Every structure is written in C-alpha cells, then in structure tokens.
Amino acid sequence: FIVKHSCKALAEGETHYSPPGGRIELKEAFAEKLKKENKIKVDSLNEILVTNGSTEGILLGLICLLDPGEECLVPDPGFLAYKPTVEMLNCFAVSMKLNEETGFQIDLDATKKAISKRTRCVILNTPANPTGTVFKRKFLEELADIVVENELIVLSDEAYEKLVYNDAKHISFASLNGMEEYTLSLFTCSKSFAMPGLRIGLLHGPEWLIKAMTRVKLYTTLCAPTPFQLAAAKALKSKQMKKETEKMRKEYARRRKLVLKRIDEIDGLEIKVKPEGAFYAFPRFYAKMDSFKFAEYILQKAKVLVVPGVEFGKEGERFIRMSYATAYHLIEKAMDRIEKAMKKLKY
C-alpha cells in the first residue's frame, strides 16, 4: 500500500518541497485520526506539524522549550535519543529512575522532588522503549496534576501506540481533560505503517509551540519527503491499512509470546516485567559482567545482536534489550543460539 501510493505520487511529479509544516492532505487526515482514535481535541491545523520522523520532532520541541542550563525530566531507562538530545542543547537531562520492582513505572513522589525552578518539560514514552511498559489512566491523571501545578510541557512519545497486547490499552496524555495545552504529542508512521525509512513523524501541540517549531524546521530539514507524506495521508484514511496494522500487531503478539517463553527457559536470564507494548523484551542477565560485555559476548558466541541495557540509561545496567521485530523462525534460531552460549557462562 505504502509503496504503491509513494510510487504513484512520484509518477505524478510530487517531488517538490512541501510547506515546512506539512502537506494539508496529511495534516487533515492526521487531525481526523487524533479526534477519532486518540480523543485529542484539535482546534486548528496550525496545531499540527509533519516532521522527518518523530525523533526530529523531539529535537525541534526541545529546541523551542529549553534555554541553556534548563532541565528536562527523562525516563531512565528510556529511548536512547532523549538524554543526548537534551544535553547537546547545553541543558540537563534529569533522570526519572525506573526499576523492575515497580514494573518500570515512574515514581511520582520522586518526580515531584526532581522538579526544580529550572525544569521546563518532561518526556513521557508509552508504550515504552525499551521496557514495553504501558502507563495506565490513573497514573497519567496523577502526572497531569504535577504538570499543571509546575507549568511544564510533556513531550508524549507515542510511537508504539498501535502495538499493545493482552488487556493493555494505550491512552494519549493529551486526551486527558485540558492537557492538550500542556502536551506535545509525537506520533510516527514508522511503526504503525512499517515505513521507518520513509521518515514521516506527526505532531500535535499548542499552536504557539507548533508555530515556533515550524520556524526552526526551516533551518533543519525544511520539510518531510513530499511523496511519502501523500502516501501516509492515504494510509491514515484507509480501512485496508487499519486491517494490515492489526494483522501486524497480532504477529508481534505471537513473536512476543515466543520470546518470553524462551527467556523463561534459559538459565541466566529473567524477565519479571512482561512487556505490554512495543516490540521489545528487556530481561535481566546474571552473568558476572556489565551489559556491554554481555552483549558483546552474545554477539561473538551466538552471532545474535542485542542492545546493552545501559545504552538506555544507568538504570538499564544488568539488562539487555531484545527486539522481536524480525521473522518468527529467526527469533527461534536466535534464542536457541543464546541458550547455547549462556550454558558456557558462570553465575
């Protein structure tokens, strides 16, 4: 579907710049999706920005929200781009420490204490990378109270919104009462439509913030790729793509079940917190080495690539991230190889 409509746009000569804020066809389709699926109030297309993937959206948002020396709260462990992006703006990334004892949930009492006069924003990721955590409504409502009290902006990274399992339900932070004024919501076509190389991010936020970000975008990437914007607009309106996305989610659920089963069967690995969303498992390992050395060992001995947990923050040490975004038979082979390699280690 995406390839077909991308090629069609190219054949029709859609190779020119688009407006920096995005093609109106895509902005209109995204606005409709936000209202229907995410229950987010959209008053104007001026509240919407199309970016080169949602990662660019994080950068643009932080550029417009932070001055040098100010602070942003980031999850630890969390997506590996958060902390470096804050720090390259000469700002401070203050960790919200997550641990498996609390199900990798954010400690709201600790969060309150971490907020200072220099705190301007907080990054929220649900479903979460790398842990797979999906935050519940009650938690989000309590976080909303803290945000309003301290006049913060939440960067709500919802890249994996369509990939939730069992009884988990994704809730958009901006859908909570009045929170659209305090939230930059970040979505992406990379995960929902399996088009990560085509770089289409979709953002919604307060008009004053989106206006500032659009200005900055003129000096970063100017615009997202025009033919892929048009393909994404078609996908957002397509019933066929909704069915394809659900089919993809069910396949991820099948792979998830396999990965969790095999982790439980391998001595030296343990996963206390089962992922409820995204396509990662984040097990603890008990080998007597740090996560970089352990990941290197698995790569050398099993020829399987895993990501050291410490890449996602200090609290990720002693963990590794496994992705099940690959074919089922390859996951079977990879887990067999890991099990064989683990038998040679001492604990």
# chains A, B, ... in the order shown; residues from 1 in each chain; ligands from 1
>>> select_by_dssp(residues="range 174-321 of chain A", states="strand (DSSP E or B)", output="PyMOL selection string")
chain A and resi 183-188+201-204+269-270+277+280-281+284-285+307-308+319-321
>>> residues_around(residues="range 247-256 of chain A", least_positions_apart="5", cutoff="10 Å", atoms="only C-alpha atoms", output="MDAnalysis selection string")
chainID A and resid 162:166 191:194 241:242 261:262 274:281 323:329 331:332
>>> closest_residue(among="A:Ile153, A:Ile266, A:Leu98, A:Val3", to="Met195 in chain A", atoms="only C-alpha atoms")
A:Val3
>>> atom_distance(atom1="CA of Cys7 in chain A", atom2="CA of Lys239 in chain A")
20.0 Å
>>> residues_around(residues="Gln229 in chain A", least_positions_apart="5", cutoff="8 Å", atoms="only C-alpha atoms", output="CSV table (one decimal) with C-alpha atoms, in the first residue's frame")
chain,number,residue,atom,x,y,z
A,22,GLY,CA,3.5,19.6,6.1
A,23,ARG,CA,1.0,18.9,3.2
A,26,LEU,CA,-1.7,14.8,5.6
A,200,ILE,CA,7.2,10.7,8.5
A,224,ALA,CA,9.4,15.9,5.2
>>> residues_around(residues="Leu203 in chain A", least_positions_apart="5", cutoff="9 Å", atoms="only C-alpha atoms", output="VMD selection string")
chain A and resid 30 47 to 51 54 57 184 to 188 210
>>> closest_atom_pairs(of="range 164-210 of chain A", to="range 127-151 of chain A", cutoff="7 Å", atoms="only C-alpha atoms", output="tab-separated table")
residue	atom	partner	partner_atom	distance
A:Ala168	CA	A:Val134	CA	6.9
A:His170	CA	A:Val134	CA	6.8
A:Ile171	CA	A:Arg137	CA	6.8
A:Phe173	CA	A:Leu140	CA	6.7
>>> closest_residue(among="A:Glu207, A:Asp109, A:Glu25, A:Asp264", to="Ala232 in chain A", atoms="only C-alpha atoms")
A:Glu25
>>> atom_distance(atom1="CA of Phe312 in chain A", atom2="CA of Leu80 in chain A")
4.9 Å
>>> closest_residue(among="A:Leu108, A:Leu152, A:Asp167, A:Lys346", to="Met179 in chain A", atoms="only C-alpha atoms")
A:Leu152
>>> residues_around(residues="Trp208 in chain A", least_positions_apart="2", cutoff="12 Å", atoms="only C-alpha atoms", output="mmCIF file with all heavy atoms, in the first residue's frame")
data_model
loop_
_atom_site.group_PDB
_atom_site.id
_atom_site.type_symbol
_atom_site.label_atom_id
_atom_site.label_comp_id
_atom_site.auth_asym_id
_atom_site.auth_seq_id
_atom_site.Cartn_x
_atom_site.Cartn_y
_atom_site.Cartn_z
ATOM 1 N N SER A 44 -7.327 23.514 15.294
ATOM 2 C CA SER A 44 -6.812 24.126 14.069
ATOM 3 C C SER A 44 -5.668 23.276 13.512
ATOM 4 O O SER A 44 -4.951 22.614 14.264
ATOM 5 C CB SER A 44 -6.302 25.535 14.378
ATOM 6 O OG SER A 44 -5.489 26.028 13.337
ATOM 7 N N ASN A 46 -3.123 24.486 12.504
ATOM 8 C CA ASN A 46 -1.912 25.161 12.981
ATOM 9 C C ASN A 46 -1.346 24.510 14.232
ATOM 10 O O ASN A 46 -0.276 24.887 14.698
ATOM 11 C CB ASN A 46 -2.211 26.636 13.258
ATOM 12 C CG ASN A 46 -2.528 27.418 12.000
ATOM 13 O OD1 ASN A 46 -2.021 27.101 10.919
ATOM 14 N ND2 ASN A 46 -3.377 28.428 12.117
ATOM 15 N N GLU A 47 -2.072 23.531 14.766
ATOM 16 C CA GLU A 47 -1.592 22.764 15.924
ATOM 17 C C GLU A 47 -0.860 21.498 15.497
ATOM 18 O O GLU A 47 -0.463 20.698 16.332
ATOM 19 C CB GLU A 47 -2.772 22.382 16.820
ATOM 20 C CG GLU A 47 -3.534 23.559 17.393
ATOM 21 C CD GLU A 47 -4.808 23.163 18.094
ATOM 22 O OE1 GLU A 47 -5.133 21.953 18.116
ATOM 23 O OE2 GLU A 47 -5.486 24.055 18.637
ATOM 24 N N ILE A 48 -0.675 21.326 14.179
ATOM 25 C CA ILE A 48 -0.092 20.089 13.643
ATOM 26 C C ILE A 48 1.174 20.394 12.850
ATOM 27 O O ILE A 48 1.241 21.374 12.108
ATOM 28 C CB ILE A 48 -1.121 19.353 12.761
ATOM 29 C CG1 ILE A 48 -2.236 18.780 13.647
ATOM 30 C CG2 ILE A 48 -0.460 18.247 11.937
ATOM 31 C CD1 ILE A 48 -3.390 18.188 12.875
ATOM 32 N N LEU A 49 2.172 19.514 13.022
ATOM 33 C CA LEU A 49 3.433 19.638 12.298
ATOM 34 C C LEU A 49 3.870 18.262 11.805
ATOM 35 O O LEU A 49 3.782 17.275 12.535
ATOM 36 C CB LEU A 49 4.521 20.219 13.223
ATOM 37 C CG LEU A 49 5.951 20.301 12.680
ATOM 38 C CD1 LEU A 49 6.015 21.211 11.459
ATOM 39 C CD2 LEU A 49 6.909 20.788 13.767
ATOM 40 N N GLY A 61 11.098 20.212 19.380
ATOM 41 C CA GLY A 61 10.368 20.586 20.584
ATOM 42 C C GLY A 61 11.287 21.057 21.688
ATOM 43 O O GLY A 61 11.041 22.092 22.328
ATOM 44 N N CYS A 64 12.791 24.496 21.157
ATOM 45 C CA CYS A 64 11.845 25.599 21.399
ATOM 46 C C CYS A 64 11.434 25.727 22.868
ATOM 47 O O CYS A 64 10.926 26.775 23.266
ATOM 48 C CB CYS A 64 10.605 25.417 20.532
ATOM 49 S SG CYS A 64 10.947 25.555 18.758
ATOM 50 N N LEU A 65 11.655 24.692 23.658
ATOM 51 C CA LEU A 65 11.219 24.724 25.057
ATOM 52 C C LEU A 65 12.336 25.047 26.040
ATOM 53 O O LEU A 65 12.076 25.565 27.129
ATOM 54 C CB LEU A 65 10.600 23.365 25.435
ATOM 55 C CG LEU A 65 9.250 23.032 24.798
ATOM 56 C CD1 LEU A 65 8.903 21.572 25.030
ATOM 57 C CD2 LEU A 65 8.156 23.933 25.349
ATOM 58 N N GLU A 181 -3.216 21.503 26.105
ATOM 59 C CA GLU A 181 -2.483 22.768 26.218
ATOM 60 C C GLU A 181 -1.102 22.580 26.852
ATOM 61 O O GLU A 181 -0.272 23.488 26.815
ATOM 62 C CB GLU A 181 -3.286 23.770 27.049
ATOM 63 C CG GLU A 181 -4.563 24.249 26.382
ATOM 64 C CD GLU A 181 -4.277 24.966 25.071
ATOM 65 O OE1 GLU A 181 -3.304 25.736 25.012
ATOM 66 O OE2 GLU A 181 -5.029 24.739 24.095
ATOM 67 N N TYR A 182 -0.863 21.403 27.421
ATOM 68 C CA TYR A 182 0.394 21.131 28.115
ATOM 69 C C TYR A 182 1.193 20.020 27.442
ATOM 70 O O TYR A 182 2.190 19.556 28.008
ATOM 71 C CB TYR A 182 0.116 20.706 29.566
ATOM 72 C CG TYR A 182 -0.483 21.787 30.431
ATOM 73 C CD1 TYR A 182 -1.851 21.993 30.469
ATOM 74 C CD2 TYR A 182 0.334 22.600 31.220
ATOM 75 C CE1 TYR A 182 -2.415 22.982 31.267
ATOM 76 C CE2 TYR A 182 -0.219 23.585 32.027
ATOM 77 C CZ TYR A 182 -1.590 23.780 32.035
ATOM 78 O OH TYR A 182 -2.135 24.758 32.842
ATOM 79 N N THR A 183 0.755 19.589 26.248
ATOM 80 C CA THR A 183 1.338 18.387 25.653
ATOM 81 C C THR A 183 1.767 18.578 24.208
ATOM 82 O O THR A 183 1.007 19.111 23.390
ATOM 83 C CB THR A 183 0.323 17.219 25.703
ATOM 84 O OG1 THR A 183 -0.203 17.084 27.027
ATOM 85 C CG2 THR A 183 0.986 15.913 25.292
ATOM 86 N N LEU A 184 2.985 18.124 23.915
ATOM 87 C CA LEU A 184 3.430 17.943 22.540
ATOM 88 C C LEU A 184 3.344 16.445 22.277
ATOM 89 O O LEU A 184 4.133 15.670 22.819
ATOM 90 C CB LEU A 184 4.858 18.443 22.339
ATOM 91 C CG LEU A 184 5.453 18.208 20.943
ATOM 92 C CD1 LEU A 184 4.664 18.971 19.875
ATOM 93 C CD2 LEU A 184 6.923 18.597 20.897
ATOM 94 N N HIS A 204 1.285 16.931 17.339
ATOM 95 C CA HIS A 204 0.215 17.859 17.718
ATOM 96 C C HIS A 204 0.616 18.556 19.011
ATOM 97 O O HIS A 204 1.158 17.925 19.919
ATOM 98 C CB HIS A 204 -1.111 17.115 17.937
ATOM 99 C CG HIS A 204 -2.187 18.007 18.479
ATOM 100 N ND1 HIS A 204 -2.437 18.133 19.833
ATOM 101 C CD2 HIS A 204 -3.046 18.845 17.854
ATOM 102 C CE1 HIS A 204 -3.419 19.002 20.014
ATOM 103 N NE2 HIS A 204 -3.816 19.440 18.834
ATOM 104 N N GLY A 205 0.355 19.852 19.078
ATOM 105 C CA GLY A 205 0.688 20.592 20.287
ATOM 106 C C GLY A 205 0.017 21.946 20.311
ATOM 107 O O GLY A 205 -0.707 22.326 19.364
ATOM 108 N N PRO A 206 0.244 22.713 21.371
ATOM 109 C CA PRO A 206 -0.311 24.075 21.435
ATOM 110 C C PRO A 206 0.157 24.886 20.228
ATOM 111 O O PRO A 206 1.297 24.739 19.779
ATOM 112 C CB PRO A 206 0.274 24.627 22.736
ATOM 113 C CG PRO A 206 0.673 23.421 23.534
ATOM 114 C CD PRO A 206 1.066 22.382 22.541
ATOM 115 N N ILE A 210 3.854 24.810 18.196
ATOM 116 C CA ILE A 210 3.955 24.298 16.823
ATOM 117 C C ILE A 210 4.444 25.402 15.877
ATOM 118 O O ILE A 210 5.260 25.157 14.973
ATOM 119 C CB ILE A 210 2.603 23.732 16.354
ATOM 120 C CG1 ILE A 210 2.227 22.494 17.178
ATOM 121 C CG2 ILE A 210 2.647 23.407 14.862
ATOM 122 C CD1 ILE A 210 3.190 21.320 17.047
ATOM 123 N N LYS A 211 4.004 26.627 16.094
ATOM 124 C CA LYS A 211 4.446 27.757 15.262
ATOM 125 C C LYS A 211 5.956 27.961 15.395
ATOM 126 O O LYS A 211 6.666 28.140 14.390
ATOM 127 C CB LYS A 211 3.701 29.024 15.674
ATOM 128 C CG LYS A 211 4.025 30.241 14.821
ATOM 129 C CD LYS A 211 3.195 31.448 15.246
ATOM 130 C CE LYS A 211 3.507 32.665 14.391
ATOM 131 N NZ LYS A 211 2.702 33.854 14.823
ATOM 132 N N ALA A 212 6.456 27.907 16.635
ATOM 133 C CA ALA A 212 7.892 28.080 16.864
ATOM 134 C C ALA A 212 8.687 26.929 16.255
ATOM 135 O O ALA A 212 9.739 27.138 15.623
ATOM 136 C CB ALA A 212 8.164 28.171 18.367
ATOM 137 N N MET A 213 8.188 25.697 16.397
ATOM 138 C CA MET A 213 8.877 24.526 15.847
ATOM 139 C C MET A 213 8.913 24.561 14.326
ATOM 140 O O MET A 213 9.905 24.153 13.712
ATOM 141 C CB MET A 213 8.197 23.252 16.355
ATOM 142 C CG MET A 213 8.361 23.012 17.851
ATOM 143 S SD MET A 213 7.320 21.676 18.471
ATOM 144 C CE MET A 213 7.997 20.270 17.591
ATOM 145 N N THR A 214 7.845 25.042 13.718
ATOM 146 C CA THR A 214 7.794 25.134 12.258
ATOM 147 C C THR A 214 8.846 26.116 11.748
ATOM 148 O O THR A 214 9.483 25.885 10.718
ATOM 149 C CB THR A 214 6.389 25.556 11.803
ATOM 150 O OG1 THR A 214 5.418 24.637 12.326
ATOM 151 C CG2 THR A 214 6.287 25.569 10.288
ATOM 152 N N ARG A 215 9.036 27.192 12.480
ATOM 153 C CA ARG A 215 10.082 28.160 12.105
ATOM 154 C C ARG A 215 11.463 27.516 12.173
ATOM 155 O O ARG A 215 12.290 27.688 11.271
ATOM 156 C CB ARG A 215 10.024 29.365 13.034
ATOM 157 C CG ARG A 215 8.879 30.313 12.782
ATOM 158 C CD ARG A 215 8.872 31.434 13.815
ATOM 159 N NE ARG A 215 7.808 32.397 13.579
ATOM 160 C CZ ARG A 215 7.479 33.352 14.428
ATOM 161 N NH1 ARG A 215 8.144 33.486 15.571
ATOM 162 N NH2 ARG A 215 6.492 34.183 14.155
#
>>> select_by_dssp(residues="range 56-134 of chain A", states="helix (DSSP H, G or I)", output="list in words")
Glu56, Gly57, Ile58, Leu59, Leu60, Gly61, Leu62, Ile63, Cys64, Leu65, Tyr82, Lys83, Pro84, Thr85, Val86, Glu87, Glu100, Glu101, Thr102, Leu108, Asp109, Ala110, Thr111, Lys112, Lys113 and Ala114 of chain A
>>> write_last_selection(atoms="C-alpha atoms", output="mmCIF file, in the first residue's frame")
data_model
loop_
_atom_site.group_PDB
_atom_site.id
_atom_site.type_symbol
_atom_site.label_atom_id
_atom_site.label_comp_id
_atom_site.auth_asym_id
_atom_site.auth_seq_id
_atom_site.Cartn_x
_atom_site.Cartn_y
_atom_site.Cartn_z
ATOM 1 C CA GLU A 56 13.149 15.180 14.682
ATOM 2 C CA GLY A 57 10.017 16.302 16.488
ATOM 3 C CA ILE A 58 11.690 15.652 19.844
ATOM 4 C CA LEU A 59 14.670 17.769 18.793
ATOM 5 C CA LEU A 60 12.533 20.643 17.483
ATOM 6 C CA GLY A 61 10.368 20.586 20.584
ATOM 7 C CA LEU A 62 13.313 20.695 22.966
ATOM 8 C CA ILE A 63 14.990 23.492 20.968
ATOM 9 C CA CYS A 64 11.845 25.599 21.399
ATOM 10 C CA LEU A 65 11.219 24.724 25.057
ATOM 11 C CA TYR A 82 16.280 11.516 24.839
ATOM 12 C CA LYS A 83 19.241 12.279 27.103
ATOM 13 C CA PRO A 84 21.780 13.161 24.354
ATOM 14 C CA THR A 85 19.281 15.459 22.623
ATOM 15 C CA VAL A 86 18.736 17.431 25.835
ATOM 16 C CA GLU A 87 22.450 17.568 26.566
ATOM 17 C CA GLU A 100 11.687 -3.714 37.672
ATOM 18 C CA GLU A 101 10.482 -3.862 41.297
ATOM 19 C CA THR A 102 7.865 -1.211 40.434
ATOM 20 C CA LEU A 108 5.586 10.306 41.028
ATOM 21 C CA ASP A 109 6.833 11.261 44.508
ATOM 22 C CA ALA A 110 10.430 11.127 43.263
ATOM 23 C CA THR A 111 9.390 13.082 40.180
ATOM 24 C CA LYS A 112 7.962 15.885 42.325
ATOM 25 C CA LYS A 113 11.240 16.105 44.229
ATOM 26 C CA ALA A 114 13.248 16.179 40.991
#
